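Worksheet for the structure shown next.
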Protein chains: 2
Amino acid sequence: MPFWAYIEPVPRAASDLDVFSAIAEPRRRRILELLATGGSRSVNELVAAMRLPQPTVSKHLAVLREVGVVAVTRDGKRRLYEIKAQELKAVNEWISRFERLWTHQLDRVKERAERLAAEARPSGAKNNRHKEN
Amino acid sequence: MPFWAYIEPVPRAASDLDVFSAIAEPRRRRILELLATGGSRSVNELVAAMRLPQPTVSKHLAVLREVGVVAVTRDGKRRLYEIKAQELKAVNEWISRFERLWTHQLDRVKERAERLAAEARPSGAKNNRHKEN
DNA sequence: TCAATATATGCCCAAAACGGCATATGTCAA
DNA sequence: TTGACATATGCCGTTTTGGGCATATATTGA
């Protein structure tokens with residue numbers, strides 16, 4: 001038996017409902033975009049904008065509500081949905097941990113291009129052990 | 001029939017594999033964190049770090065590979081996985097569109113608290129049409 | 001060649017996600 | 001009240017997802 005040995009079966013991450021999975025859905029991202037530009041809207045306004053059945057929109061809104069990225073306010077028989085961007089901040093903070101990496105890696109792409117261009121000119125071609133893509 | 005009328009049934013968003021859904025999985029986020037701190041690692045190193053079965057890790061890596069957030073390099077019989085943070089930049093850019101919102105909304109929370117405190121003192125209570133939460 | 005190691009993949013199953021649809025619930029106005 | 005409108009929810013069926021497991025596919029060394 002290899003060293004990594006099977007551990008506890010882990011019974012499927014239960015109710016994994018966090019902001020990350022909430023924004024994994026394209027339509028839910030769209031809803032957030034709509035709410036971000038133009039402020040709060042009623043469900044029917046969103047339905048009209050998204051051209052989707054009302055129950056579908058309501059369910060997506062429910063998901064967004066459960067993770068706290070939107071909030072509802074009653075306004076007569078309507079419900080006005082408003083974005084709660086603070087929750088998105090958490091995602092932003094997680095992503096930002098990689099910010100240095102992607103700028104560095106972009107630099108390296110440029111570096112490599114320049115290095116390759118420089119190596120192409122002299123006749124003596126070095127054998128490069130790493131075939132980086 | 002209400003005005004929103006049911007439109008095309010939309011045959012289920014096919015293969016929706018984008019970066020957003022890739023990072024929706026906690027274990028996949030963990031993998032990215034591991035690769036971010038400490039550079040590229042072999043599958044077995046990841047398996048040891050995550051204490052998960054090797055096939056599980058390999059499958060998560062496959063997902064991350066398909067969306068381009070990681071890249072593989074052969075190193076003998078090992079495969080070294082490396083993070084490709086540029087793909088995460090797309091997510092960052094999407095999230096950043098809301099940055100102004102979450103700072104503003106934080107401001108508004110403070111504002112509202114101050115306004116309520118100020119309104120509590122004078123006796124004349126205006127009727128406010130919007131009952132914001 | 002064979003065996004060992006490292007990793008990927010395929011198959012099966014259970015759980016979850018999503019859409020369609022009907023219907024329940026709530027709210028206002030007559 | 002009743003009825004119209006606005007929205008949520010429950011049920012069902014299909015698809016997807018993720019885990020467990022066995023096994024296929026490299027790759028190296030003897």
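Chains: A, B, ... in order of the structure tokens. Residues: from 1 per chain. Ligands: from 1, in order shown.
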With a distance threshold of 12 Å and counting only C-alpha atoms (C1' of nucleotides), extract the residues of chain C near chain B and express them as a PDB file with N, CA and C atoms (P, O5', C5', C4', C3', O3' and C1' of nucleotides), in the first residue's frame.
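Produced file selection-v1.pdb, reproduced below:
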```
ATOM      1  P    DA C   4       7.549  -5.560  -7.489  1.00  0.00           P
ATOM      2  O5'  DA C   4       7.807  -4.002  -7.257  1.00  0.00           O
ATOM      3  C5'  DA C   4       9.142  -3.520  -7.223  1.00  0.00           C
ATOM      4  C4'  DA C   4       9.135  -2.016  -7.424  1.00  0.00           C
ATOM      5  C3'  DA C   4       8.017  -1.291  -6.669  1.00  0.00           C
ATOM      6  O3'  DA C   4       8.556  -0.171  -6.000  1.00  0.00           O
ATOM      7  C1'  DA C   4       7.961  -0.706  -8.948  1.00  0.00           C
ATOM      8  P    DT C   5       7.692   0.542  -4.887  1.00  0.00           P
ATOM      9  O5'  DT C   5       7.474   1.971  -5.552  1.00  0.00           O
ATOM     10  C5'  DT C   5       8.584   2.645  -6.099  1.00  0.00           C
ATOM     11  C4'  DT C   5       8.096   3.695  -7.073  1.00  0.00           C
ATOM     12  C3'  DT C   5       6.996   4.609  -6.522  1.00  0.00           C
ATOM     13  O3'  DT C   5       7.467   5.937  -6.567  1.00  0.00           O
ATOM     14  C1'  DT C   5       6.493   3.863  -8.704  1.00  0.00           C
ATOM     15  P    DA C   6       6.608   7.122  -5.951  1.00  0.00           P
ATOM     16  O5'  DA C   6       5.849   7.623  -7.263  1.00  0.00           O
ATOM     17  C5'  DA C   6       6.586   8.243  -8.295  1.00  0.00           C
ATOM     18  C4'  DA C   6       5.630   8.843  -9.300  1.00  0.00           C
ATOM     19  C3'  DA C   6       4.469   9.624  -8.674  1.00  0.00           C
ATOM     20  O3'  DA C   6       4.372  10.876  -9.334  1.00  0.00           O
ATOM     21  C1'  DA C   6       3.638   7.965 -10.144  1.00  0.00           C
ATOM     22  P    DT C   7       3.327  11.936  -8.801  1.00  0.00           P
ATOM     23  O5'  DT C   7       2.115  11.622  -9.777  1.00  0.00           O
ATOM     24  C5'  DT C   7       2.325  11.811 -11.175  1.00  0.00           C
ATOM     25  C4'  DT C   7       1.175  11.233 -11.955  1.00  0.00           C
ATOM     26  C3'  DT C   7      -0.192  11.869 -11.679  1.00  0.00           C
ATOM     27  O3'  DT C   7      -0.484  12.711 -12.779  1.00  0.00           O
ATOM     28  C1'  DT C   7      -0.314   9.514 -12.054  1.00  0.00           C
ATOM     29  P    DA C   8      -1.911  13.376 -12.889  1.00  0.00           P
ATOM     30  O5'  DA C   8      -2.716  12.332 -13.794  1.00  0.00           O
ATOM     31  C5'  DA C   8      -2.179  11.980 -15.058  1.00  0.00           C
ATOM     32  C4'  DA C   8      -3.124  11.054 -15.811  1.00  0.00           C
ATOM     33  C3'  DA C   8      -4.545  11.563 -16.000  1.00  0.00           C
ATOM     34  O3'  DA C   8      -4.957  11.197 -17.314  1.00  0.00           O
ATOM     35  C1'  DA C   8      -4.590   9.497 -14.838  1.00  0.00           C
ATOM     36  P    DT C   9      -6.292  11.826 -17.936  1.00  0.00           P
ATOM     37  O5'  DT C   9      -7.202  10.526 -18.157  1.00  0.00           O
ATOM     38  C5'  DT C   9      -6.730   9.299 -17.632  1.00  0.00           C
ATOM     39  C4'  DT C   9      -7.762   8.211 -17.804  1.00  0.00           C
ATOM     40  C3'  DT C   9      -9.205   8.675 -17.965  1.00  0.00           C
ATOM     41  O3'  DT C   9      -9.899   7.646 -18.655  1.00  0.00           O
ATOM     42  C1'  DT C   9      -9.017   7.531 -15.961  1.00  0.00           C
ATOM     43  P    DG C  10     -11.198   7.992 -19.527  1.00  0.00           P
ATOM     44  O5'  DG C  10     -12.117   6.708 -19.308  1.00  0.00           O
ATOM     45  C5'  DG C  10     -11.521   5.414 -19.234  1.00  0.00           C
ATOM     46  C4'  DG C  10     -12.339   4.501 -18.350  1.00  0.00           C
ATOM     47  C3'  DG C  10     -13.839   4.787 -18.383  1.00  0.00           C
ATOM     48  O3'  DG C  10     -14.540   3.555 -18.442  1.00  0.00           O
ATOM     49  C1'  DG C  10     -13.057   4.877 -16.153  1.00  0.00           C
ATOM     50  P    DA C  17     -26.231  22.116  -3.928  1.00  0.00           P
ATOM     51  O5'  DA C  17     -26.446  22.312  -5.490  1.00  0.00           O
ATOM     52  C5'  DA C  17     -25.367  22.013  -6.359  1.00  0.00           C
ATOM     53  C4'  DA C  17     -25.825  22.249  -7.772  1.00  0.00           C
ATOM     54  C3'  DA C  17     -26.720  23.476  -7.938  1.00  0.00           C
ATOM     55  O3'  DA C  17     -26.372  24.105  -9.154  1.00  0.00           O
ATOM     56  C1'  DA C  17     -27.860  21.546  -8.660  1.00  0.00           C
ATOM     57  P    DC C  18     -26.813  25.633  -9.349  1.00  0.00           P
ATOM     58  O5'  DC C  18     -27.931  25.547 -10.463  1.00  0.00           O
ATOM     59  C5'  DC C  18     -27.950  24.394 -11.259  1.00  0.00           C
ATOM     60  C4'  DC C  18     -29.032  24.348 -12.275  1.00  0.00           C
ATOM     61  C3'  DC C  18     -30.080  25.447 -12.272  1.00  0.00           C
ATOM     62  O3'  DC C  18     -30.330  25.845 -13.604  1.00  0.00           O
ATOM     63  C1'  DC C  18     -31.106  23.329 -11.926  1.00  0.00           C
ATOM     64  P    DG C  19     -31.302  27.049 -13.922  1.00  0.00           P
ATOM     65  O5'  DG C  19     -32.495  26.281 -14.658  1.00  0.00           O
ATOM     66  C5'  DG C  19     -32.187  25.465 -15.779  1.00  0.00           C
ATOM     67  C4'  DG C  19     -33.421  24.704 -16.188  1.00  0.00           C
ATOM     68  C3'  DG C  19     -34.665  25.576 -16.331  1.00  0.00           C
ATOM     69  O3'  DG C  19     -35.315  25.257 -17.554  1.00  0.00           O
ATOM     70  C1'  DG C  19     -35.085  23.783 -14.827  1.00  0.00           C
ATOM     71  P    DG C  20     -36.583  26.133 -17.952  1.00  0.00           P
ATOM     72  O5'  DG C  20     -37.813  25.194 -17.561  1.00  0.00           O
ATOM     73  C5'  DG C  20     -37.889  23.899 -18.118  1.00  0.00           C
ATOM     74  C4'  DG C  20     -39.161  23.213 -17.684  1.00  0.00           C
ATOM     75  C3'  DG C  20     -40.416  24.071 -17.759  1.00  0.00           C
ATOM     76  O3'  DG C  20     -41.474  23.292 -18.298  1.00  0.00           O
ATOM     77  C1'  DG C  20     -40.135  23.276 -15.554  1.00  0.00           C
ATOM     78  P    DC C  21     -42.799  24.005 -18.794  1.00  0.00           P
ATOM     79  O5'  DC C  21     -43.741  23.842 -17.531  1.00  0.00           O
ATOM     80  C5'  DC C  21     -44.008  22.525 -17.043  1.00  0.00           C
ATOM     81  C4'  DC C  21     -44.575  22.603 -15.656  1.00  0.00           C
ATOM     82  C3'  DC C  21     -45.722  23.584 -15.475  1.00  0.00           C
ATOM     83  O3'  DC C  21     -46.933  22.848 -15.444  1.00  0.00           O
ATOM     84  C1'  DC C  21     -44.247  23.485 -13.598  1.00  0.00           C
TER      85       DC C  21
END
```
Inset, instruction - Find the residues in chain A near chain B: any atom within 6 Å counts, using only C-alpha atoms. Write them as a PyMOL selection string. - result: chain A and resi 6+20-21+24+53+85-86+101-102
Which residues of chain D are close to chain B, meaning at most 10 Å apart when you count only C-alpha atoms (C1' of nucleotides), and how do they look as a short mmCIF file (atom, residue, chain, number, x, y, z; two decimals) with N, CA and C atoms (P, O5', C5', C4', C3', O3' and C1' of nucleotides), in the first residue's frame?
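part03.cif, written as the output of this step:
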```cif
data_model
loop_
_atom_site.label_atom_id
_atom_site.label_comp_id
_atom_site.auth_asym_id
_atom_site.auth_seq_id
_atom_site.Cartn_x
_atom_site.Cartn_y
_atom_site.Cartn_z
P DC D 5 -53.93 41.20 -13.09
"O5'" DC D 5 -52.58 41.41 -12.26
"C5'" DC D 5 -52.43 42.59 -11.50
"C4'" DC D 5 -51.47 42.33 -10.37
"C3'" DC D 5 -50.10 41.77 -10.80
"O3'" DC D 5 -49.13 42.72 -10.44
"C1'" DC D 5 -50.93 40.67 -8.89
P DT D 14 -36.33 12.03 -16.74
"O5'" DT D 14 -35.06 12.95 -17.00
"C5'" DT D 14 -35.23 14.23 -17.61
"C4'" DT D 14 -33.97 15.04 -17.46
"C3'" DT D 14 -32.68 14.29 -17.79
"O3'" DT D 14 -31.90 15.12 -18.63
"C1'" DT D 14 -32.52 15.26 -15.66
P DT D 15 -30.59 14.50 -19.31
"O5'" DT D 15 -29.44 15.29 -18.54
"C5'" DT D 15 -29.55 16.70 -18.47
"C4'" DT D 15 -28.57 17.23 -17.45
"C3'" DT D 15 -27.13 16.71 -17.65
"O3'" DT D 15 -26.32 17.85 -17.77
"C1'" DT D 15 -27.81 16.49 -15.39
P DT D 16 -24.78 17.72 -18.12
"O5'" DT D 16 -24.12 17.93 -16.70
"C5'" DT D 16 -24.52 19.06 -15.94
"C4'" DT D 16 -23.98 18.96 -14.54
"C3'" DT D 16 -22.49 18.60 -14.50
"O3'" DT D 16 -21.86 19.63 -13.78
"C1'" DT D 16 -23.74 17.30 -12.96
P DG D 18 -17.26 19.21 -8.12
"O5'" DG D 18 -16.91 18.06 -7.08
"C5'" DG D 18 -17.74 17.88 -5.94
"C4'" DG D 18 -17.59 16.48 -5.42
"C3'" DG D 18 -16.14 15.97 -5.43
"O3'" DG D 18 -15.81 15.55 -4.12
"C1'" DG D 18 -17.60 14.39 -6.37
P DG D 19 -14.36 15.04 -3.77
"O5'" DG D 19 -14.67 13.55 -3.31
"C5'" DG D 19 -15.61 13.33 -2.26
"C4'" DG D 19 -15.93 11.86 -2.19
"C3'" DG D 19 -14.69 10.97 -2.06
"O3'" DG D 19 -14.86 10.10 -0.95
"C1'" DG D 19 -16.06 10.25 -3.86
P DG D 20 -13.64 9.19 -0.54
"O5'" DG D 20 -13.93 7.79 -1.25
"C5'" DG D 20 -15.16 7.12 -0.95
"C4'" DG D 20 -15.19 5.78 -1.63
"C3'" DG D 20 -13.89 4.98 -1.54
"O3'" DG D 20 -14.21 3.62 -1.27
"C1'" DG D 20 -14.48 5.27 -3.81
P DC D 21 -13.07 2.64 -0.80
"O5'" DC D 21 -12.65 1.95 -2.16
"C5'" DC D 21 -13.66 1.26 -2.91
"C4'" DC D 21 -13.21 1.03 -4.32
"C3'" DC D 21 -11.81 0.43 -4.46
"O3'" DC D 21 -11.96 -0.96 -4.73
"C1'" DC D 21 -12.33 2.03 -6.16
P DA D 26 0.59 5.96 -22.36
"O5'" DA D 26 1.80 5.34 -21.53
"C5'" DA D 26 3.04 5.97 -21.62
"C4'" DA D 26 3.22 6.96 -20.49
"C3'" DA D 26 4.70 7.21 -20.22
"O3'" DA D 26 4.91 8.57 -19.95
"C1'" DA D 26 3.67 6.22 -18.30
P DT D 27 6.30 9.19 -20.47
"O5'" DT D 27 7.33 8.70 -19.36
"C5'" DT D 27 7.17 9.16 -18.04
"C4'" DT D 27 8.05 8.36 -17.11
"C3'" DT D 27 9.44 8.04 -17.68
"O3'" DT D 27 10.37 8.62 -16.82
"C1'" DT D 27 8.45 6.17 -16.61
P DT D 28 11.88 8.81 -17.31
"O5'" DT D 28 12.67 7.90 -16.27
"C5'" DT D 28 12.38 8.02 -14.89
"C4'" DT D 28 12.72 6.74 -14.18
"C3'" DT D 28 14.12 6.20 -14.50
"O3'" DT D 28 14.91 6.31 -13.32
"C1'" DT D 28 12.47 4.48 -14.48
#
```
Inset, instruction - Please indicate the distance in Å from atom CA of B:Arg108 to atom CA of A:Ala90, rounded to one decimal place. - result: 18.8 Å
Inset, instruction - Excluding B:Leu61 and residues on its chain fewer than 3 positions from it, collect all residues at most 8 Å away from it, counting only C-alpha atoms (C1' of nucleotides), and give them as a PyMOL selection string. - result: chain B and resi 28+57-58+64-65+70
Store the residues of this selection in a file with C-alpha atoms, as a compact mmCIF listing (two decimals), in the first residue's frame.
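Output file selection.txt follows:
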```txt
# COMPACT_ATOMS: atom_id res chain seq x y z
CA ARG B 28 -9.54 23.06 -5.25
CA VAL B 57 -6.53 14.97 -5.96
CA SER B 58 -5.78 14.03 -9.55
CA LEU B 64 -8.07 23.10 -12.51
CA ARG B 65 -6.05 22.15 -15.57
CA VAL B 70 -2.74 25.23 -13.25
```
Legend entry - Test item, alpha helix (DSSP H) assignment across stretch 46-85 of chain A, answer as JSON, numbers by chain: {"A": [46, 47, 48, 49, 50, 54, 55, 56, 57, 58, 59, 60, 61, 62, 63, 64, 65, 66]}
